[in-house]
Structures are given as C-alpha cells and as structure tokens.
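Asks: I am sharing work.pdb, which consists of PDB, C-alpha atoms:
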MODEL        1
ATOM      1  CA  ALA A1238      -3.206 -27.956  -0.442  1.00  0.00           C
ATOM      2  CA  GLN A1239      -4.049 -24.560   0.939  1.00  0.00           C
ATOM      3  CA  SER A1240      -2.130 -21.436   0.034  1.00  0.00           C
ATOM      4  CA  VAL A1241      -2.420 -17.688  -0.027  1.00  0.00           C
ATOM      5  CA  THR A1242      -1.017 -15.146  -2.447  1.00  0.00           C
ATOM      6  CA  GLN A1243      -0.650 -11.504  -1.621  1.00  0.00           C
ATOM      7  CA  PRO A1244       0.434  -9.908  -4.898  1.00  0.00           C
ATOM      8  CA  ASP A1245       1.537  -6.598  -3.429  1.00  0.00           C
ATOM      9  CA  ILE A1246       4.694  -6.637  -1.347  1.00  0.00           C
ATOM     10  CA  HIS A1247       4.595  -2.955  -0.489  1.00  0.00           C
ATOM     11  CA  ILE A1248       1.924  -0.269  -0.779  1.00  0.00           C
ATOM     12  CA  THR A1249       2.310   3.427  -0.035  1.00  0.00           C
ATOM     13  CA  VAL A1250      -0.804   5.443   0.623  1.00  0.00           C
ATOM     14  CA  SER A1251      -1.494   8.993   1.740  1.00  0.00           C
ATOM     15  CA  GLU A1252      -3.154   9.593   5.050  1.00  0.00           C
ATOM     16  CA  GLY A1253      -6.882   9.935   4.502  1.00  0.00           C
ATOM     17  CA  ALA A1254      -6.831   8.000   1.244  1.00  0.00           C
ATOM     18  CA  SER A1255      -8.470   4.640   0.756  1.00  0.00           C
ATOM     19  CA  LEU A1256      -6.574   1.378   0.970  1.00  0.00           C
ATOM     20  CA  GLU A1257      -7.137  -1.991  -0.643  1.00  0.00           C
ATOM     21  CA  LEU A1258      -4.927  -5.011  -0.068  1.00  0.00           C
ATOM     22  CA  ARG A1259      -5.311  -8.006  -2.320  1.00  0.00           C
ATOM     23  CA  CYS A1260      -5.452 -11.618  -1.262  1.00  0.00           C
ATOM     24  CA  ASN A1261      -6.031 -14.721  -3.369  1.00  0.00           C
ATOM     25  CA  TYR A1262      -6.365 -18.126  -1.819  1.00  0.00           C
ATOM     26  CA  SER A1263      -6.385 -21.769  -2.756  1.00  0.00           C
ATOM     27  CA  TYR A1264      -8.361 -24.109  -0.561  1.00  0.00           C
ATOM     28  CA  GLY A1265     -10.160 -27.384  -1.133  1.00  0.00           C
ATOM     29  CA  ALA A1266     -13.392 -26.572   0.617  1.00  0.00           C
ATOM     30  CA  THR A1267     -15.236 -23.589   2.024  1.00  0.00           C
ATOM     31  CA  PRO A1268     -12.378 -21.515   3.338  1.00  0.00           C
ATOM     32  CA  TYR A1269     -11.897 -19.895   6.656  1.00  0.00           C
ATOM     33  CA  LEU A1270     -10.179 -16.623   5.830  1.00  0.00           C
ATOM     34  CA  PHE A1271      -8.433 -14.132   8.022  1.00  0.00           C
ATOM     35  CA  TRP A1272      -6.580 -10.874   7.929  1.00  0.00           C
ATOM     36  CA  TYR A1273      -3.949 -10.198  10.555  1.00  0.00           C
ATOM     37  CA  VAL A1274      -1.898  -7.074  11.155  1.00  0.00           C
ATOM     38  CA  GLN A1275       1.616  -6.943  12.536  1.00  0.00           C
ATOM     39  CA  SER A1276       3.011  -3.671  13.812  1.00  0.00           C
ATOM     40  CA  PRO A1277       6.787  -3.371  14.152  1.00  0.00           C
ATOM     41  CA  GLY A1278       8.060  -5.460  17.049  1.00  0.00           C
ATOM     42  CA  GLN A1279       4.615  -6.830  17.787  1.00  0.00           C
ATOM     43  CA  GLY A1280       2.793 -10.065  17.358  1.00  0.00           C
ATOM     44  CA  LEU A1281      -0.034 -10.584  14.917  1.00  0.00           C
ATOM     45  CA  GLN A1282      -3.444  -9.163  15.715  1.00  0.00           C
ATOM     46  CA  LEU A1283      -6.614 -10.440  14.108  1.00  0.00           C
ATOM     47  CA  LEU A1284      -8.386  -7.755  12.062  1.00  0.00           C
ATOM     48  CA  LEU A1285     -11.298  -9.809  10.777  1.00  0.00           C
ATOM     49  CA  LYS A1286     -12.378 -13.252   9.737  1.00  0.00           C
ATOM     50  CA  TYR A1287     -14.746 -14.939   7.327  1.00  0.00           C
ATOM     51  CA  PHE A1288     -16.315 -18.311   7.991  1.00  0.00           C
ATOM     52  CA  SER A1289     -19.629 -18.229   6.171  1.00  0.00           C
ATOM     53  CA  GLY A1290     -22.650 -16.060   5.516  1.00  0.00           C
ATOM     54  CA  ASP A1291     -22.398 -12.433   4.529  1.00  0.00           C
ATOM     55  CA  THR A1292     -19.495 -12.020   2.144  1.00  0.00           C
ATOM     56  CA  LEU A1293     -18.687  -8.528   3.400  1.00  0.00           C
ATOM     57  CA  VAL A1294     -17.194  -8.712   6.850  1.00  0.00           C
ATOM     58  CA  GLN A1295     -16.390  -5.897   9.200  1.00  0.00           C
ATOM     59  CA  GLY A1296     -13.377  -5.918  11.444  1.00  0.00           C
ATOM     60  CA  ILE A1297     -11.602  -3.786  13.942  1.00  0.00           C
ATOM     61  CA  LYS A1298      -9.971  -0.414  13.281  1.00  0.00           C
ATOM     62  CA  GLY A1299     -12.420   0.385  10.468  1.00  0.00           C
ATOM     63  CA  PHE A1300     -11.312  -2.421   8.153  1.00  0.00           C
ATOM     64  CA  GLU A1301     -13.579  -4.579   6.049  1.00  0.00           C
ATOM     65  CA  ALA A1302     -13.030  -7.427   3.632  1.00  0.00           C
ATOM     66  CA  GLU A1303     -15.071  -8.985   0.887  1.00  0.00           C
ATOM     67  CA  PHE A1304     -15.076 -12.684   0.094  1.00  0.00           C
ATOM     68  CA  LYS A1305     -15.516 -13.468  -3.587  1.00  0.00           C
ATOM     69  CA  ARG A1306     -15.673 -17.191  -4.199  1.00  0.00           C
ATOM     70  CA  SER A1307     -15.676 -16.826  -7.984  1.00  0.00           C
ATOM     71  CA  GLN A1308     -12.378 -14.963  -7.840  1.00  0.00           C
ATOM     72  CA  SER A1309     -10.910 -16.866  -4.879  1.00  0.00           C
ATOM     73  CA  SER A1310     -10.234 -13.508  -3.309  1.00  0.00           C
ATOM     74  CA  PHE A1311     -10.565 -11.910   0.093  1.00  0.00           C
ATOM     75  CA  ASN A1312      -9.448  -8.315  -0.319  1.00  0.00           C
ATOM     76  CA  LEU A1313      -9.053  -5.995   2.639  1.00  0.00           C
ATOM     77  CA  ARG A1314     -10.206  -2.394   2.480  1.00  0.00           C
ATOM     78  CA  LYS A1315     -10.268   0.738   4.550  1.00  0.00           C
ATOM     79  CA  PRO A1316     -11.971   3.920   3.340  1.00  0.00           C
ATOM     80  CA  SER A1317      -9.650   6.394   5.048  1.00  0.00           C
ATOM     81  CA  VAL A1318      -6.191   5.436   6.255  1.00  0.00           C
ATOM     82  CA  HIS A1319      -4.633   6.797   9.432  1.00  0.00           C
ATOM     83  CA  TRP A1320      -0.904   7.058  10.067  1.00  0.00           C
ATOM     84  CA  SER A1321      -1.266   4.344  12.711  1.00  0.00           C
ATOM     85  CA  ASP A1322      -2.304   1.875   9.994  1.00  0.00           C
ATOM     86  CA  ALA A1323       1.301   1.626   8.832  1.00  0.00           C
ATOM     87  CA  ALA A1324       2.113  -2.029   9.433  1.00  0.00           C
ATOM     88  CA  GLU A1325       2.420  -5.375   7.720  1.00  0.00           C
ATOM     89  CA  TYR A1326      -0.785  -7.143   6.787  1.00  0.00           C
ATOM     90  CA  PHE A1327      -1.161 -10.862   6.376  1.00  0.00           C
ATOM     91  CA  CYS A1328      -3.948 -12.794   4.761  1.00  0.00           C
ATOM     92  CA  ALA A1329      -4.409 -16.363   5.977  1.00  0.00           C
ATOM     93  CA  VAL A1330      -6.520 -19.383   5.121  1.00  0.00           C
ATOM     94  CA  GLY A1331      -7.218 -22.604   6.944  1.00  0.00           C
ATOM     95  CA  ASP A1332      -8.808 -24.041  10.009  1.00  0.00           C
ATOM     96  CA  TYR A1333      -6.525 -24.908  12.900  1.00  0.00           C
ATOM     97  CA  LYS A1334      -3.445 -24.904  10.670  1.00  0.00           C
ATOM     98  CA  LEU A1335      -3.233 -21.527   9.023  1.00  0.00           C
ATOM     99  CA  SER A1336      -1.340 -20.795   5.839  1.00  0.00           C
ATOM    100  CA  PHE A1337      -0.231 -17.195   5.608  1.00  0.00           C
ATOM    101  CA  GLY A1338       0.547 -15.059   2.632  1.00  0.00           C
ATOM    102  CA  ALA A1339       3.907 -13.323   2.345  1.00  0.00           C
ATOM    103  CA  GLY A1340       2.436 -10.114   3.688  1.00  0.00           C
ATOM    104  CA  THR A1341       1.944  -6.591   2.392  1.00  0.00           C
ATOM    105  CA  THR A1342       3.785  -3.729   4.025  1.00  0.00           C
ATOM    106  CA  VAL A1343       1.754  -0.545   4.170  1.00  0.00           C
ATOM    107  CA  THR A1344       3.481   2.811   4.429  1.00  0.00           C
ATOM    108  CA  VAL A1345       1.371   5.874   5.187  1.00  0.00           C
ATOM    109  CA  ARG A1346       2.660   9.240   4.080  1.00  0.00           C
ATOM    110  CA  ALA A1347       1.500  12.497   5.590  1.00  0.00           C
TER
ATOM    111  CA  ASP B 292      -2.198  -7.500  24.741  1.00  0.00           C
ATOM    112  CA  SER B 293      -3.308 -10.877  23.374  1.00  0.00           C
ATOM    113  CA  GLY B 294      -2.842 -12.701  26.669  1.00  0.00           C
ATOM    114  CA  VAL B 295      -0.231 -15.027  25.160  1.00  0.00           C
ATOM    115  CA  THR B 296       3.154 -14.691  26.824  1.00  0.00           C
ATOM    116  CA  GLN B 297       6.438 -15.686  25.250  1.00  0.00           C
ATOM    117  CA  THR B 298       9.892 -15.727  26.763  1.00  0.00           C
ATOM    118  CA  PRO B 299      12.565 -14.770  26.092  1.00  0.00           C
ATOM    119  CA  LYS B 300      11.847 -11.838  23.762  1.00  0.00           C
ATOM    120  CA  HIS B 301      15.341 -11.885  22.347  1.00  0.00           C
ATOM    121  CA  LEU B 302      17.974 -14.583  22.276  1.00  0.00           C
ATOM    122  CA  ILE B 303      21.429 -14.597  20.740  1.00  0.00           C
ATOM    123  CA  THR B 304      23.370 -17.810  20.546  1.00  0.00           C
ATOM    124  CA  ALA B 305      25.982 -19.617  18.497  1.00  0.00           C
ATOM    125  CA  THR B 306      25.744 -22.312  15.872  1.00  0.00           C
ATOM    126  CA  GLY B 307      25.513 -25.793  17.285  1.00  0.00           C
ATOM    127  CA  GLN B 308      23.842 -24.665  20.472  1.00  0.00           C
ATOM    128  CA  ARG B 309      20.423 -25.549  21.858  1.00  0.00           C
ATOM    129  CA  VAL B 310      17.748 -23.132  23.072  1.00  0.00           C
ATOM    130  CA  THR B 311      14.302 -23.408  24.599  1.00  0.00           C
ATOM    131  CA  LEU B 312      11.497 -20.985  23.899  1.00  0.00           C
ATOM    132  CA  ARG B 313       8.580 -20.811  26.269  1.00  0.00           C
ATOM    133  CA  CYS B 314       4.947 -19.936  25.730  1.00  0.00           C
ATOM    134  CA  SER B 315       2.018 -19.467  28.081  1.00  0.00           C
ATOM    135  CA  PRO B 316      -1.334 -19.476  26.285  1.00  0.00           C
ATOM    136  CA  ARG B 317      -4.316 -17.318  27.132  1.00  0.00           C
ATOM    137  CA  SER B 318      -6.168 -18.396  30.211  1.00  0.00           C
ATOM    138  CA  GLY B 319      -8.543 -21.213  29.275  1.00  0.00           C
ATOM    139  CA  ASP B 320      -7.045 -21.914  25.853  1.00  0.00           C
ATOM    140  CA  LEU B 321      -6.095 -25.541  25.309  1.00  0.00           C
ATOM    141  CA  SER B 322      -4.378 -25.265  21.939  1.00  0.00           C
ATOM    142  CA  VAL B 323      -0.912 -23.915  21.374  1.00  0.00           C
ATOM    143  CA  TYR B 324       0.640 -23.310  17.979  1.00  0.00           C
ATOM    144  CA  TRP B 325       4.191 -22.503  17.016  1.00  0.00           C
ATOM    145  CA  TYR B 326       5.080 -20.487  13.939  1.00  0.00           C
ATOM    146  CA  GLN B 327       8.395 -19.412  12.500  1.00  0.00           C
ATOM    147  CA  GLN B 328       8.700 -16.084  10.709  1.00  0.00           C
ATOM    148  CA  SER B 329      11.784 -15.545   8.581  1.00  0.00           C
ATOM    149  CA  LEU B 330      12.581 -13.204   5.731  1.00  0.00           C
ATOM    150  CA  ASP B 331      12.925 -15.938   3.150  1.00  0.00           C
ATOM    151  CA  GLN B 332      10.174 -18.343   4.281  1.00  0.00           C
ATOM    152  CA  GLY B 333       7.602 -15.945   5.700  1.00  0.00           C
ATOM    153  CA  LEU B 334       5.262 -17.292   8.360  1.00  0.00           C
ATOM    154  CA  GLN B 335       5.472 -21.058   8.565  1.00  0.00           C
ATOM    155  CA  PHE B 336       3.367 -23.297  10.764  1.00  0.00           C
ATOM    156  CA  LEU B 337       5.562 -25.587  12.837  1.00  0.00           C
ATOM    157  CA  ILE B 338       3.405 -27.573  15.218  1.00  0.00           C
ATOM    158  CA  GLN B 339       0.195 -27.578  17.252  1.00  0.00           C
ATOM    159  CA  TYR B 340      -0.576 -29.060  20.636  1.00  0.00           C
ATOM    160  CA  TYR B 341      -3.989 -29.546  22.129  1.00  0.00           C
ATOM    161  CA  ASN B 342      -4.314 -30.229  25.835  1.00  0.00           C
ATOM    162  CA  GLY B 343      -0.890 -31.812  26.026  1.00  0.00           C
ATOM    163  CA  GLU B 344      -1.012 -33.871  22.864  1.00  0.00           C
ATOM    164  CA  GLU B 345       0.435 -33.171  19.471  1.00  0.00           C
ATOM    165  CA  ARG B 346      -2.405 -32.348  17.077  1.00  0.00           C
ATOM    166  CA  ALA B 347      -0.737 -31.266  13.845  1.00  0.00           C
ATOM    167  CA  LYS B 348       2.694 -30.940  12.415  1.00  0.00           C
ATOM    168  CA  GLY B 349       3.908 -28.549   9.772  1.00  0.00           C
ATOM    169  CA  ASN B 350       7.323 -27.670   8.467  1.00  0.00           C
ATOM    170  CA  ILE B 351       9.168 -28.483  11.648  1.00  0.00           C
ATOM    171  CA  LEU B 352      12.726 -29.693  11.362  1.00  0.00           C
ATOM    172  CA  GLU B 353      13.833 -32.873  13.125  1.00  0.00           C
ATOM    173  CA  ARG B 354      16.250 -30.744  15.144  1.00  0.00           C
ATOM    174  CA  PHE B 355      13.243 -28.969  16.625  1.00  0.00           C
ATOM    175  CA  SER B 356      10.846 -30.421  19.131  1.00  0.00           C
ATOM    176  CA  ALA B 357       8.013 -29.125  21.246  1.00  0.00           C
ATOM    177  CA  GLN B 358       5.835 -30.183  24.108  1.00  0.00           C
ATOM    178  CA  GLN B 359       2.880 -28.942  26.072  1.00  0.00           C
ATOM    179  CA  PHE B 360       2.844 -29.442  29.793  1.00  0.00           C
ATOM    180  CA  PRO B 361      -0.079 -30.231  32.140  1.00  0.00           C
ATOM    181  CA  ASP B 362      -0.391 -26.548  33.037  1.00  0.00           C
ATOM    182  CA  LEU B 363      -0.772 -25.947  29.257  1.00  0.00           C
ATOM    183  CA  HIS B 364       2.363 -23.934  28.777  1.00  0.00           C
ATOM    184  CA  SER B 365       4.491 -25.047  25.873  1.00  0.00           C
ATOM    185  CA  GLU B 366       8.159 -25.147  25.042  1.00  0.00           C
ATOM    186  CA  LEU B 367       9.851 -25.222  21.676  1.00  0.00           C
ATOM    187  CA  ASN B 368      13.303 -26.751  21.737  1.00  0.00           C
ATOM    188  CA  LEU B 369      15.712 -25.909  18.954  1.00  0.00           C
ATOM    189  CA  SER B 370      18.964 -27.869  18.824  1.00  0.00           C
ATOM    190  CA  SER B 371      22.112 -28.006  16.691  1.00  0.00           C
ATOM    191  CA  LEU B 372      21.310 -24.477  15.679  1.00  0.00           C
ATOM    192  CA  GLU B 373      22.291 -23.199  12.261  1.00  0.00           C
ATOM    193  CA  LEU B 374      22.519 -19.667  10.919  1.00  0.00           C
ATOM    194  CA  GLY B 375      19.324 -20.262   8.979  1.00  0.00           C
ATOM    195  CA  ASP B 376      17.378 -20.852  12.161  1.00  0.00           C
ATOM    196  CA  SER B 377      17.572 -17.156  12.934  1.00  0.00           C
ATOM    197  CA  ALA B 378      13.976 -16.023  12.907  1.00  0.00           C
ATOM    198  CA  LEU B 379      11.077 -14.755  14.922  1.00  0.00           C
ATOM    199  CA  TYR B 380       9.243 -17.607  16.608  1.00  0.00           C
ATOM    200  CA  PHE B 381       5.623 -17.002  17.467  1.00  0.00           C
ATOM    201  CA  CYS B 382       3.396 -18.884  19.776  1.00  0.00           C
ATOM    202  CA  ALA B 383      -0.362 -18.626  19.438  1.00  0.00           C
ATOM    203  CA  SER B 384      -3.326 -20.089  21.239  1.00  0.00           C
ATOM    204  CA  SER B 385      -6.966 -20.588  20.412  1.00  0.00           C
ATOM    205  CA  ALA B 386     -10.198 -20.956  22.323  1.00  0.00           C
ATOM    206  CA  PRO B 387     -11.120 -24.452  23.546  1.00  0.00           C
ATOM    207  CA  ARG B 388     -13.898 -25.115  21.049  1.00  0.00           C
ATOM    208  CA  SER B 389     -12.448 -23.211  18.168  1.00  0.00           C
ATOM    209  CA  SER B 390     -11.606 -25.179  15.089  1.00  0.00           C
ATOM    210  CA  THR B 391     -11.718 -22.182  12.829  1.00  0.00           C
ATOM    211  CA  GLY B 392      -8.239 -20.782  13.024  1.00  0.00           C
ATOM    212  CA  GLU B 393      -8.832 -17.698  15.122  1.00  0.00           C
ATOM    213  CA  LEU B 394      -5.458 -17.488  16.763  1.00  0.00           C
ATOM    214  CA  PHE B 395      -4.133 -15.135  19.403  1.00  0.00           C
ATOM    215  CA  PHE B 396      -0.449 -14.498  18.964  1.00  0.00           C
ATOM    216  CA  GLY B 397       2.254 -13.657  21.419  1.00  0.00           C
ATOM    217  CA  GLU B 398       4.844 -10.997  20.629  1.00  0.00           C
ATOM    218  CA  GLY B 399       7.382 -13.573  19.565  1.00  0.00           C
ATOM    219  CA  SER B 400      10.865 -14.656  20.500  1.00  0.00           C
ATOM    220  CA  ARG B 401      13.549 -13.311  18.214  1.00  0.00           C
ATOM    221  CA  LEU B 402      16.361 -15.818  17.825  1.00  0.00           C
ATOM    222  CA  THR B 403      19.683 -14.780  16.369  1.00  0.00           C
ATOM    223  CA  VAL B 404      22.216 -17.503  15.625  1.00  0.00           C
ATOM    224  CA  LEU B 405      25.766 -16.273  15.098  1.00  0.00           C
TER
ENDMDL
END
Translate the structure of the given file into structure tokens.
Replies:
Amino acid sequence: AQSVTQPDIHITVSEGASLELRCNYSYGATPYLFWYVQSPGQGLQLLLKYFSGDTLVQGIKGFEAEFKRSQSSFNLRKPSVHWSDAAEYFCAVGDYKLSFGAGTTVTVRA
Amino acid sequence: DSGVTQTPKHLITATGQRVTLRCSPRSGDLSVYWYQQSLDQGLQFLIQYYNGEERAKGNILERFSAQQFPDLHSELNLSSLELGDSALYFCASSAPRSSTGELFFGEGSRLTVL
C-alpha cells in the first residue's frame, strides 16, 4: 500500500528565511512523488515532481525537492520565503491514483 | 487557471438530499479524477474515469456514483447525504498519455450538508 506522512502540521517562517517541509513515503516500487500547493480557496497546483533520474528536482516558484531513497523521503525546500508562499503544501505519491499526505500549513510572518 | 472547471463552487443542502457536481477537464485530457477533501480524512481519492470508462476506484461510498460522458465531462452524484459528507470535492484531469500522476485540479466544489 502507498502512503505519505507529513510530520509537520504547521510551520511558521519569517519572510526571507529558508523553508523545509518534510515528507516520508511508503511505496512498493520506484515512486512517483509530487508536491502540490493549495492557496486558500483554490485548487491544488503542482509545484514539482520526481519520476526518475536526478534526485534533486526543481519546481516552480523557486522550490526544489530532494528524493532520498534510503530515507524514503522527498523534502521540499525554498531558500528564501516570500509572503505569497503562505499556503498549505501536500506531498503525494503514486501513479494515476495519488495518495496525499495530511498537508503542512505554512505561515509567513513579516 | 488549471483549465479544469467545476460547478457549482458552493452548495448547501440538507441531509437526505441528492446533489450532482460537475467537472469539465482540460481540453484534450481523457482522464478525470474525483477527490474529497475533509478536515478529518484529508484528501481522499474517490474514483477515476478514462475516456468514459471507470479506471480505478478508491474510498467512494456506495451512496456516491460518478460517470464520464462522451464529451469527457464528468459528474459526481452524491445521494442520501449525511452531515459527514460536507467537504470540498475536487476534480482533476491528466494528459492523455500520462500514467505518472501529474494531475491538474479544479478549484473544487464546497458541499455543506445541514
């Protein structure tokens, strides 16, 4: 069975500071991994994805994520957070049937 | 704008009633997925259709049903509604040859059951 754990429910970060969101997955084969972002009242937008190859993937809005098979992790990072990054972030695993984590809410303080 | 359109955006109804949620996928996408997002269950996969046929089923209740029409739009029917069915229902679509989970989500239909 596939599953995703996002250990942090809520993270508060100062504008300009770095951000790292944790994601651990369980999957029977080589995983397809995704990070989505949901702004208030909006649908989910794909930030980045990992299928194979380079374990450091770049996404939109300055985000990147690193796949670590040995740790079953796919953590999301951003070097310098902007106030507009305040949102809920979801890690997901799967192929056509995605399993999502519970999400991490990011608050950005001025 | 993902290109996926969902209607209605908001819906308030009473227990025991039936509602229909509608989704139009992105132009050219053949697959449609339905997800339910609730506070206690998070994002749950309900069902997937591909070119009019059911492809995969998730945690969809028997009171719920879906279909995809020849023009590729999809409807999710929720009947005998209960308070616990209150949630945000998302539709998503994917590219025709994609089997790798890259989904494009609509903005959702928020259902409130009173």
Asks: Smallest atom-to-atom distance to chain A: which of B:Ser365, B:Gln359, B:Gln308, B:Ser384, using all atoms listed in the file?
Replies: B:Ser384
Asks: Residues within 9 Å of B:Gln297, please, as a ChimeraX atom specification. Count all atoms listed in the file; anything in the same chain fewer than 4 positions from it doesn't count.
Replies: /B:312-316,381-382,397-400
Asks: Written as a ChimeraX atom specification, which residues does the PyMOL selection byres ((chain B) within 9 of (chain A)) give for the file shown?
Replies: /B:293,324,332-336,338-339,347-349,381,385,389-399
Asks: Write out the residues from the selection above, keeping C-alpha atoms, as a compact mmCIF listing (two decimals), in the coordinates of the input.
Replies:
# COMPACT_ATOMS: atom_id res chain seq x y z
CA SER B 293 -3.31 -10.88 23.37
CA TYR B 324 0.64 -23.31 17.98
CA GLN B 332 10.17 -18.34 4.28
CA GLY B 333 7.60 -15.94 5.70
CA LEU B 334 5.26 -17.29 8.36
CA GLN B 335 5.47 -21.06 8.56
CA PHE B 336 3.37 -23.30 10.76
CA ILE B 338 3.40 -27.57 15.22
CA GLN B 339 0.20 -27.58 17.25
CA ALA B 347 -0.74 -31.27 13.84
CA LYS B 348 2.69 -30.94 12.42
CA GLY B 349 3.91 -28.55 9.77
CA PHE B 381 5.62 -17.00 17.47
CA SER B 385 -6.97 -20.59 20.41
CA SER B 389 -12.45 -23.21 18.17
CA SER B 390 -11.61 -25.18 15.09
CA THR B 391 -11.72 -22.18 12.83
CA GLY B 392 -8.24 -20.78 13.02
CA GLU B 393 -8.83 -17.70 15.12
CA LEU B 394 -5.46 -17.49 16.76
CA PHE B 395 -4.13 -15.14 19.40
CA PHE B 396 -0.45 -14.50 18.96
CA GLY B 397 2.25 -13.66 21.42
CA GLU B 398 4.84 -11.00 20.63
CA GLY B 399 7.38 -13.57 19.57
Asks: Could you list, as a VMD selection string, every residue within 8 Å of A:Thr1341, counting only C-alpha atoms and ignoring same-chain residues fewer than 3 positions away?
Replies: chain A and resid 1243 1245 to 1248 1258 1325 to 1327
Asks: Take the PyMOL selection byres ((chain A and resi 1317) around 10), run it mentally on this structure, and tell me the resulting residues as a ChimeraX atom specification.
Replies: /A:1250-1256,1299-1300,1314-1316,1318-1319,1322
Asks: For stretch 1239-1242 of chain A, what centre and edge lengths in Å (one decimal) does the axis-aligned box get once 8 Å is added on each side of all its listed atoms, as lines of an AutoDock Vina configuration file?
Replies:
center_x = -2.5
center_y = -19.9
center_z = -0.8
size_x = 19.0
size_y = 25.4
size_z = 19.4
Asks: I need the residue set behind the PyMOL selection byres ((chain A and resi 1311) around 8) for this file; please write it as an MDAnalysis selection string.
Replies: chainID A and resid 1259:1262 1270 1302:1305 1309:1310 1312:1313
Asks: Dig up all the protein and nucleic acid residues within 8 Å of (-3.7, -28.9, 21.2) in the file frame, using all atoms listed in the file, and format them as a PyMOL selection string.
Replies: chain B and resi 321-324+339-346
Asks: Up to 7 Å from (4.6, 2.8, 7.4) in the file's coordinates: name the residues, counting all atoms listed in the file, as a ChimeraX atom specification.
Replies: /A:1323-1324,1343-1345
